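Down below is the structure, laid out as structure tokens.
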Amino acid sequence: MGAKLIEMARALQLEWRYGHAGVLGIWLTLAPYGGNLEGVRAGSLAWFGREPQALEPAQAALLVAIPRRPEAYRPDRHPAAAALVRARVLRVGEHAGLFAAADPPPVPPARVLMPRHAPQILARLPRSPVVTTTIDLALQTALERLADARVATLPPRASLSVLIADAHGGEVRAAYAGAWGDRDRAGALDLTRAVRSPGSALKPFIYAMAFADGVAGPDTVLADVPHLFGAYAPENFDRAFTGGVTAGEALRQSLNLPAVALLDRVGPRRFAESLRAAGAPLRLPPGAAPSLPLALGGGGITLWDAASLYTALATDGRARPLRLVADTPPPRGFLPAAAARSVADVLTRPFPGSTQPGFAWKTGTSWGGRDAWAFGFDAAHVVAVWVGRPDGTPVPDATGTAWALPLLAHVFDLLPPSPRAIAPAAPHEITRSATALGTDALRLLFPPPNAVLPADQPVTFRAMGGRRPLTFMVDGTPIAAAPARRETEWQPPGPGFYRLTVLDADGSAAHAIVRVR
């Protein structure tokens with residue numbers, strides 16, 4: 001009796017503190033539904049595979065009844081008792097006019113299987129009792145074991161995320177989105193979708209675009225010396241300079257000055273638009289325009305999107321959208337196949353401390369050690385790794401080489417061997433490919449088709465090939481341009497769609513339709 005009096009007093013206290021609706025909300029969150037299930041939402045998903053708002057009257061009645069005796073009324077173990085108590089609740093609802101009488105269906109014979117692996121990622125899937133994913137369960141289990149062991153060695157509040165995808169189809173075979181359940185490491189967040197600075201991880205795509213344009217090739221000697229780009233003065237990670245270095249070696253060493261110089265030739269806005277068209281838009285501060293710091297991580301990207309870009313280097317230059325279900329989204333045109341293959345050959349070398357060939361890889365480190373990245377691919381797989389603190393605070397001594405690359409190498413140990421073969425040396429391959437793609441033929445380099453441009457900034461038309469003088473036109477109207485130059489500026493008059501055209505002296509034309517907003 002004493003215990004009951006205390007419970008009565010506590011009930012009155014809870015009602016006074018939270019009100020009827022508040023107490024009911026707490027009860028709906030904590031009500032037992034058998035086994036390890038707590039809360040009406042967990043019970044609804046486990047027994048019916050749908051949200052509580054979508055339940056039929058008979059299903060809702062069963063959820064009302066189970067918490068009275070959670071184990072005795074479990075539908076999978078005691079279906080007759082569960083059906084009997086459900087019928088009582090239904091009679092009350094019918095008598096109150098909440099719903100019309102109807103023959104209830106059988107009680108569910110078993111719980112709906114809910115995901116135990118990659119919960120942050122699978123939460124994005126459609127709400128359905130059964131969803132077939134592309135996840136390889138054995139590989140997923142092995143990856144989680146490996147990643148959990150690595151997380152345990154990280155500093156406090158640091159976490160990591162990993163993606164393994166099929167290089168040719170984009171199917172995600174395994175994923176680790178963070179230390180699930182560890183609140184200090186933001187375990188509920190899907191860190192594969194977190195927008196972070198990529199550091200040098202996007203440099204390979206700058207080189208690929210420069211190779212495709214004929215601006216450079218793997219053996220082209222570039223100057224790694226101090227240089228001022230307007231008011232921008234980049235430095236290398238070690239504050240030193242190499243002098244003359246081939247483009248291939250500059251990419252392998254991740255030198256900053258050559259990458260910025262090539263981006264200056266390619267064009268920051270064209271680079272950003274190409275990534276957006278490939279399905280991996282860069283996130284910039286509000287009102288900011290793409291500029292040269294993009295070469296060193298001056299824009300945000302997610303691990304998911306960056307891994308999609310690397311499928312282009314691993315295959316034929318087309319980026320494959322990553323996917324978790326068995327659909328077939330088409331690849332997105334991104335890089336010429338020859339340029340992608342040349343960059344992939346440059347990046348193919350053994351992991352540090354290993355002699356096993358057949359892997360191409362690249363690391364990245366954002367400013368202050370906030371993000372450590374490593375991307376790799378062989379003939380069949382693309383693997384992406386991010387390590388850092390979810391809250392974005394710096395981590396001392398964190399670099400892609402020290403933190404992310406060793407984990408990348410261990411992830412490849414989980415995969416069946418699929419070594420990547422380097423194509424036979426062809427010194428003039430890129431030059432010939434660029435010619436075949438139109439280095440001599442007229443083409444409009446920027447803006448690319450379907451580009452989205454701001455209305456408040458001038459747009460630089462840039463053309464390649466063709467016989468000068470060139471004529472630039474917008475919707476059929478010529479705009480001013482120096483006859484000897486292959487570029488000019490145009491100020492959009494306002495939002496809308498525009499057809500851009502460049503004509504050469506022989507009458508050849510190249511077009512692009514863009515949107516100004």
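Order determines the names: the first chain of the structure tokens is A, the second B, and so forth; residues in each chain are numbered 1 upward, and ligands are numbered 1 upward as they are shown.
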*Could you write out, as a count of residues only, all the residues of region 102-330 of chain A that DSSP marks as strand (DSSP E)?*
23
Rows by chain and residue number, region 180-285 of chain A within 10 Å of region 380-387 of chain A, shortest pair, only C-alpha atoms, as CSV:
```
residue,atom,partner,partner_atom,distance
A:Leu191,CA,A:Trp386,CA,8.5
A:Thr192,CA,A:Trp386,CA,8.2
A:Arg196,CA,A:Trp386,CA,9.5
A:Pro198,CA,A:Trp386,CA,9.4
```
Serialized selection, C-alpha atoms, as a compact mmCIF listing (two decimals), in the first residue's frame:
```
# COMPACT_ATOMS: atom_id res chain seq x y z
CA LEU A 191 29.05 11.58 -41.74
CA THR A 192 29.18 10.37 -45.34
CA ARG A 196 33.59 19.24 -45.29
CA PRO A 198 38.36 18.29 -49.18
```
_What does the structure give for the distance between CA of Leu228 (chain A) and CA of Ala482 (chain A), in Å to one decimal?_
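Spanning CA of Leu228 (chain A) to CA of Ala482 (chain A) is a straight-line distance of 26.2 Å.
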*Could you give me, as a PyMOL selection string, the residues within 8 Å of region 364-373 of chain A, counting only C-alpha atoms and dropping anything in the same chain fewer than 5 positions from it?*
chain A and resi 196-201+296-297+384-389+392-401+403-405
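Listed by chain and then by rising number, the residues of region 87-153 of chain A that DSSP assigns to helix (DSSP H, G or I) from the backbone are Ala87, Arg88, Val89, Leu90, Arg91, Val92, Gly93, Glu94, His95, Pro119, Gln120, Ile121, Leu122, Leu137, Ala138, Leu139, Gln140, Thr141, Ala142, Leu143, Glu144, Arg145, Leu146, Ala147, Asp148, Ala149, Arg150 and Val151 of chain A.
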Based on the selection just made, write N, CA and C atoms of those residues as a PDB file, in the first residue's frame.
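Printed below is out_19.pdb as written:
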```pdb
ATOM      1  N   ALA A  87      -9.103  -7.483 -29.801  1.00  0.00           N
ATOM      2  CA  ALA A  87     -10.549  -7.437 -30.044  1.00  0.00           C
ATOM      3  C   ALA A  87     -11.246  -6.591 -28.988  1.00  0.00           C
ATOM      4  N   ARG A  88     -10.783  -6.682 -27.726  1.00  0.00           N
ATOM      5  CA  ARG A  88     -11.389  -5.864 -26.672  1.00  0.00           C
ATOM      6  C   ARG A  88     -11.192  -4.378 -26.959  1.00  0.00           C
ATOM      7  N   VAL A  89      -9.984  -4.008 -27.359  1.00  0.00           N
ATOM      8  CA  VAL A  89      -9.703  -2.604 -27.655  1.00  0.00           C
ATOM      9  C   VAL A  89     -10.530  -2.147 -28.857  1.00  0.00           C
ATOM     10  N   LEU A  90     -10.672  -2.988 -29.859  1.00  0.00           N
ATOM     11  CA  LEU A  90     -11.464  -2.630 -31.042  1.00  0.00           C
ATOM     12  C   LEU A  90     -12.932  -2.395 -30.684  1.00  0.00           C
ATOM     13  N   ARG A  91     -13.470  -3.215 -29.762  1.00  0.00           N
ATOM     14  CA  ARG A  91     -14.867  -3.023 -29.377  1.00  0.00           C
ATOM     15  C   ARG A  91     -15.073  -1.674 -28.702  1.00  0.00           C
ATOM     16  N   VAL A  92     -14.108  -1.272 -27.881  1.00  0.00           N
ATOM     17  CA  VAL A  92     -14.191   0.038 -27.235  1.00  0.00           C
ATOM     18  C   VAL A  92     -14.152   1.149 -28.288  1.00  0.00           C
ATOM     19  N   GLY A  93     -13.246   1.034 -29.267  1.00  0.00           N
ATOM     20  CA  GLY A  93     -13.146   2.048 -30.309  1.00  0.00           C
ATOM     21  C   GLY A  93     -14.387   2.123 -31.167  1.00  0.00           C
ATOM     22  N   GLU A  94     -14.967   0.962 -31.493  1.00  0.00           N
ATOM     23  CA  GLU A  94     -16.193   0.942 -32.297  1.00  0.00           C
ATOM     24  C   GLU A  94     -17.350   1.565 -31.521  1.00  0.00           C
ATOM     25  N   HIS A  95     -17.458   1.230 -30.212  1.00  0.00           N
ATOM     26  CA  HIS A  95     -18.539   1.785 -29.395  1.00  0.00           C
ATOM     27  C   HIS A  95     -18.418   3.293 -29.267  1.00  0.00           C
ATOM     28  N   PRO A 119      22.992   2.053 -39.763  1.00  0.00           N
ATOM     29  CA  PRO A 119      21.655   2.616 -39.541  1.00  0.00           C
ATOM     30  C   PRO A 119      21.513   4.054 -40.013  1.00  0.00           C
ATOM     31  N   GLN A 120      22.603   4.874 -39.896  1.00  0.00           N
ATOM     32  CA  GLN A 120      22.485   6.269 -40.337  1.00  0.00           C
ATOM     33  C   GLN A 120      22.231   6.356 -41.836  1.00  0.00           C
ATOM     34  N   ILE A 121      22.849   5.465 -42.592  1.00  0.00           N
ATOM     35  CA  ILE A 121      22.713   5.521 -44.050  1.00  0.00           C
ATOM     36  C   ILE A 121      21.393   4.902 -44.492  1.00  0.00           C
ATOM     37  N   LEU A 122      21.045   3.763 -43.915  1.00  0.00           N
ATOM     38  CA  LEU A 122      19.824   3.082 -44.332  1.00  0.00           C
ATOM     39  C   LEU A 122      18.582   3.844 -43.900  1.00  0.00           C
ATOM     40  N   LEU A 137      26.447  -7.980 -46.989  1.00  0.00           N
ATOM     41  CA  LEU A 137      26.405  -8.123 -45.537  1.00  0.00           C
ATOM     42  C   LEU A 137      27.740  -8.570 -44.958  1.00  0.00           C
ATOM     43  N   ALA A 138      28.396  -9.517 -45.590  1.00  0.00           N
ATOM     44  CA  ALA A 138      29.684  -9.994 -45.071  1.00  0.00           C
ATOM     45  C   ALA A 138      30.715  -8.872 -45.100  1.00  0.00           C
ATOM     46  N   LEU A 139      30.762  -8.128 -46.199  1.00  0.00           N
ATOM     47  CA  LEU A 139      31.704  -7.020 -46.297  1.00  0.00           C
ATOM     48  C   LEU A 139      31.333  -5.916 -45.304  1.00  0.00           C
ATOM     49  N   GLN A 140      30.023  -5.648 -45.148  1.00  0.00           N
ATOM     50  CA  GLN A 140      29.581  -4.629 -44.206  1.00  0.00           C
ATOM     51  C   GLN A 140      30.002  -4.973 -42.777  1.00  0.00           C
ATOM     52  N   THR A 141      29.827  -6.217 -42.410  1.00  0.00           N
ATOM     53  CA  THR A 141      30.205  -6.644 -41.064  1.00  0.00           C
ATOM     54  C   THR A 141      31.710  -6.500 -40.846  1.00  0.00           C
ATOM     55  N   ALA A 142      32.499  -6.893 -41.833  1.00  0.00           N
ATOM     56  CA  ALA A 142      33.953  -6.775 -41.709  1.00  0.00           C
ATOM     57  C   ALA A 142      34.384  -5.315 -41.634  1.00  0.00           C
ATOM     58  N   LEU A 143      33.742  -4.451 -42.436  1.00  0.00           N
ATOM     59  CA  LEU A 143      34.090  -3.033 -42.398  1.00  0.00           C
ATOM     60  C   LEU A 143      33.748  -2.425 -41.047  1.00  0.00           C
ATOM     61  N   GLU A 144      32.592  -2.761 -40.489  1.00  0.00           N
ATOM     62  CA  GLU A 144      32.222  -2.214 -39.190  1.00  0.00           C
ATOM     63  C   GLU A 144      33.204  -2.654 -38.108  1.00  0.00           C
ATOM     64  N   ARG A 145      33.626  -3.906 -38.178  1.00  0.00           N
ATOM     65  CA  ARG A 145      34.605  -4.386 -37.189  1.00  0.00           C
ATOM     66  C   ARG A 145      35.916  -3.611 -37.313  1.00  0.00           C
ATOM     67  N   LEU A 146      36.374  -3.407 -38.540  1.00  0.00           N
ATOM     68  CA  LEU A 146      37.617  -2.672 -38.764  1.00  0.00           C
ATOM     69  C   LEU A 146      37.480  -1.217 -38.322  1.00  0.00           C
ATOM     70  N   ALA A 147      36.375  -0.554 -38.710  1.00  0.00           N
ATOM     71  CA  ALA A 147      36.198   0.861 -38.386  1.00  0.00           C
ATOM     72  C   ALA A 147      36.017   1.076 -36.891  1.00  0.00           C
ATOM     73  N   ASP A 148      35.269   0.203 -36.227  1.00  0.00           N
ATOM     74  CA  ASP A 148      35.096   0.347 -34.780  1.00  0.00           C
ATOM     75  C   ASP A 148      36.431   0.249 -34.058  1.00  0.00           C
ATOM     76  N   ALA A 149      37.289  -0.665 -34.507  1.00  0.00           N
ATOM     77  CA  ALA A 149      38.608  -0.788 -33.892  1.00  0.00           C
ATOM     78  C   ALA A 149      39.439   0.464 -34.126  1.00  0.00           C
ATOM     79  N   ARG A 150      39.300   1.069 -35.315  1.00  0.00           N
ATOM     80  CA  ARG A 150      40.058   2.296 -35.601  1.00  0.00           C
ATOM     81  C   ARG A 150      39.518   3.472 -34.804  1.00  0.00           C
ATOM     82  N   VAL A 151      38.203   3.564 -34.644  1.00  0.00           N
ATOM     83  CA  VAL A 151      37.618   4.654 -33.862  1.00  0.00           C
ATOM     84  C   VAL A 151      38.142   4.632 -32.431  1.00  0.00           C
TER      85      VAL A 151
END
```
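Neighbouring residues of Ala208 (chain A) at 8 Å or closer, counting only C-alpha atoms and skipping chain neighbours under 6 positions away, are Leu335, Ala339, Ala340, Ser342 and Val343 of chain A.
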Dump of N, CA and C atoms for the selected residues, as a PDB file, in the first residue's frame:
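Once everything was written out, this is again.pdb:
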```pdb
ATOM      1  N   LEU A 335      34.696  13.620 -67.584  1.00  0.00           N
ATOM      2  CA  LEU A 335      36.054  13.775 -68.103  1.00  0.00           C
ATOM      3  C   LEU A 335      36.227  12.926 -69.355  1.00  0.00           C
ATOM      4  N   ALA A 339      41.990  11.405 -70.551  1.00  0.00           N
ATOM      5  CA  ALA A 339      42.473  12.226 -69.438  1.00  0.00           C
ATOM      6  C   ALA A 339      42.277  11.511 -68.114  1.00  0.00           C
ATOM      7  N   ALA A 340      41.118  10.868 -67.932  1.00  0.00           N
ATOM      8  CA  ALA A 340      40.871  10.132 -66.693  1.00  0.00           C
ATOM      9  C   ALA A 340      41.877   9.000 -66.528  1.00  0.00           C
ATOM     10  N   SER A 342      44.918   8.792 -67.776  1.00  0.00           N
ATOM     11  CA  SER A 342      46.266   9.317 -67.512  1.00  0.00           C
ATOM     12  C   SER A 342      46.417   9.717 -66.050  1.00  0.00           C
ATOM     13  N   VAL A 343      45.398  10.382 -65.500  1.00  0.00           N
ATOM     14  CA  VAL A 343      45.468  10.756 -64.084  1.00  0.00           C
ATOM     15  C   VAL A 343      45.468   9.508 -63.210  1.00  0.00           C
TER      16      VAL A 343
END
```
*Counting only C-alpha atoms, the option among A:Ala186, A:Leu12, A:Ala441, A:Ala231 closest to Leu503 (chain A)*: A:Ala441
*asked:* Under the rule that only C-alpha atoms are counted, which of A:Ser291, A:Thr488, A:Thr348, A:Thr311 is the nearest residue to Gly230 (chain A)?
replied: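 Between A:Ser291, A:Thr488, A:Thr348, A:Thr311, the residue approaching Gly230 (chain A) most closely is A:Ser291.
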*Can you tell me, as JSON, numbers by chain, what residues are no more than 8 Å from region 247-263 of chain A when counting only C-alpha atoms, ignoring any on the same chain fewer than 6 positions away?*
{"A": [200, 203, 204, 206, 207, 210, 215, 216, 217, 218, 219, 220, 221, 222, 223, 224, 225, 226, 227, 234, 235, 236, 237, 271, 292, 293, 295, 296, 343, 346, 347, 362]}
Selection from above, C-alpha atoms, as a PDB file, in the first residue's frame, can you write it?
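Contents of result_38.pdb, freshly written:
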```
ATOM      1  CA  SER A 200      43.855  18.447 -51.884  1.00  0.00           C
ATOM      2  CA  LYS A 203      43.350  18.067 -57.363  1.00  0.00           C
ATOM      3  CA  PRO A 204      43.212  15.000 -59.657  1.00  0.00           C
ATOM      4  CA  ILE A 206      41.957  19.783 -62.024  1.00  0.00           C
ATOM      5  CA  TYR A 207      44.812  17.886 -63.663  1.00  0.00           C
ATOM      6  CA  ALA A 210      44.039  20.453 -67.838  1.00  0.00           C
ATOM      7  CA  VAL A 215      47.294  22.670 -71.301  1.00  0.00           C
ATOM      8  CA  ALA A 216      49.546  19.997 -69.786  1.00  0.00           C
ATOM      9  CA  GLY A 217      50.294  16.289 -69.815  1.00  0.00           C
ATOM     10  CA  PRO A 218      51.792  13.946 -67.229  1.00  0.00           C
ATOM     11  CA  ASP A 219      55.323  14.741 -68.468  1.00  0.00           C
ATOM     12  CA  THR A 220      54.850  18.501 -68.832  1.00  0.00           C
ATOM     13  CA  VAL A 221      57.289  20.405 -66.623  1.00  0.00           C
ATOM     14  CA  LEU A 222      55.509  22.835 -64.312  1.00  0.00           C
ATOM     15  CA  ALA A 223      57.002  25.538 -62.118  1.00  0.00           C
ATOM     16  CA  ASP A 224      56.699  24.966 -58.384  1.00  0.00           C
ATOM     17  CA  VAL A 225      57.973  28.404 -57.362  1.00  0.00           C
ATOM     18  CA  PRO A 226      56.465  31.286 -55.388  1.00  0.00           C
ATOM     19  CA  HIS A 227      53.816  33.046 -57.442  1.00  0.00           C
ATOM     20  CA  PRO A 234      49.418  29.921 -52.014  1.00  0.00           C
ATOM     21  CA  GLU A 235      52.153  27.866 -50.387  1.00  0.00           C
ATOM     22  CA  ASN A 236      52.979  24.182 -50.273  1.00  0.00           C
ATOM     23  CA  PHE A 237      52.171  22.136 -47.182  1.00  0.00           C
ATOM     24  CA  PHE A 271      35.790  23.605 -62.688  1.00  0.00           C
ATOM     25  CA  LEU A 292      41.491  29.666 -57.109  1.00  0.00           C
ATOM     26  CA  PRO A 293      41.415  28.447 -53.470  1.00  0.00           C
ATOM     27  CA  ALA A 295      42.370  23.838 -55.672  1.00  0.00           C
ATOM     28  CA  LEU A 296      43.319  23.588 -51.992  1.00  0.00           C
ATOM     29  CA  VAL A 343      45.468  10.756 -64.084  1.00  0.00           C
ATOM     30  CA  VAL A 346      49.760   8.853 -62.289  1.00  0.00           C
ATOM     31  CA  LEU A 347      48.035   7.978 -58.998  1.00  0.00           C
ATOM     32  CA  LYS A 362      45.056  10.297 -53.283  1.00  0.00           C
TER      33      LYS A 362
END
```
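Closest approach to Pro419 (chain A) among A:Arg467, A:Arg269, A:Arg349, A:Lys4 is made by A:Arg349 (distances from only C-alpha atoms).
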_Counting only C-alpha atoms, the residue of A:Leu45, A:Val266, A:Val195, A:Val245 that sits nearest Gly299 (chain A)_ =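 When distances to Gly299 (chain A) are compared using only C-alpha atoms, the smallest one comes from A:Val195.
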*What's the 12 Å shell around region 96-98 of chain A, counting only C-alpha atoms, without same-chain residues fewer than 6 positions away, as a list in words?*
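Surrounding residues, per the criterion: Glu56, Pro57, Ala58, Ala60, Ala61, Val89 and Leu90 of chain A.
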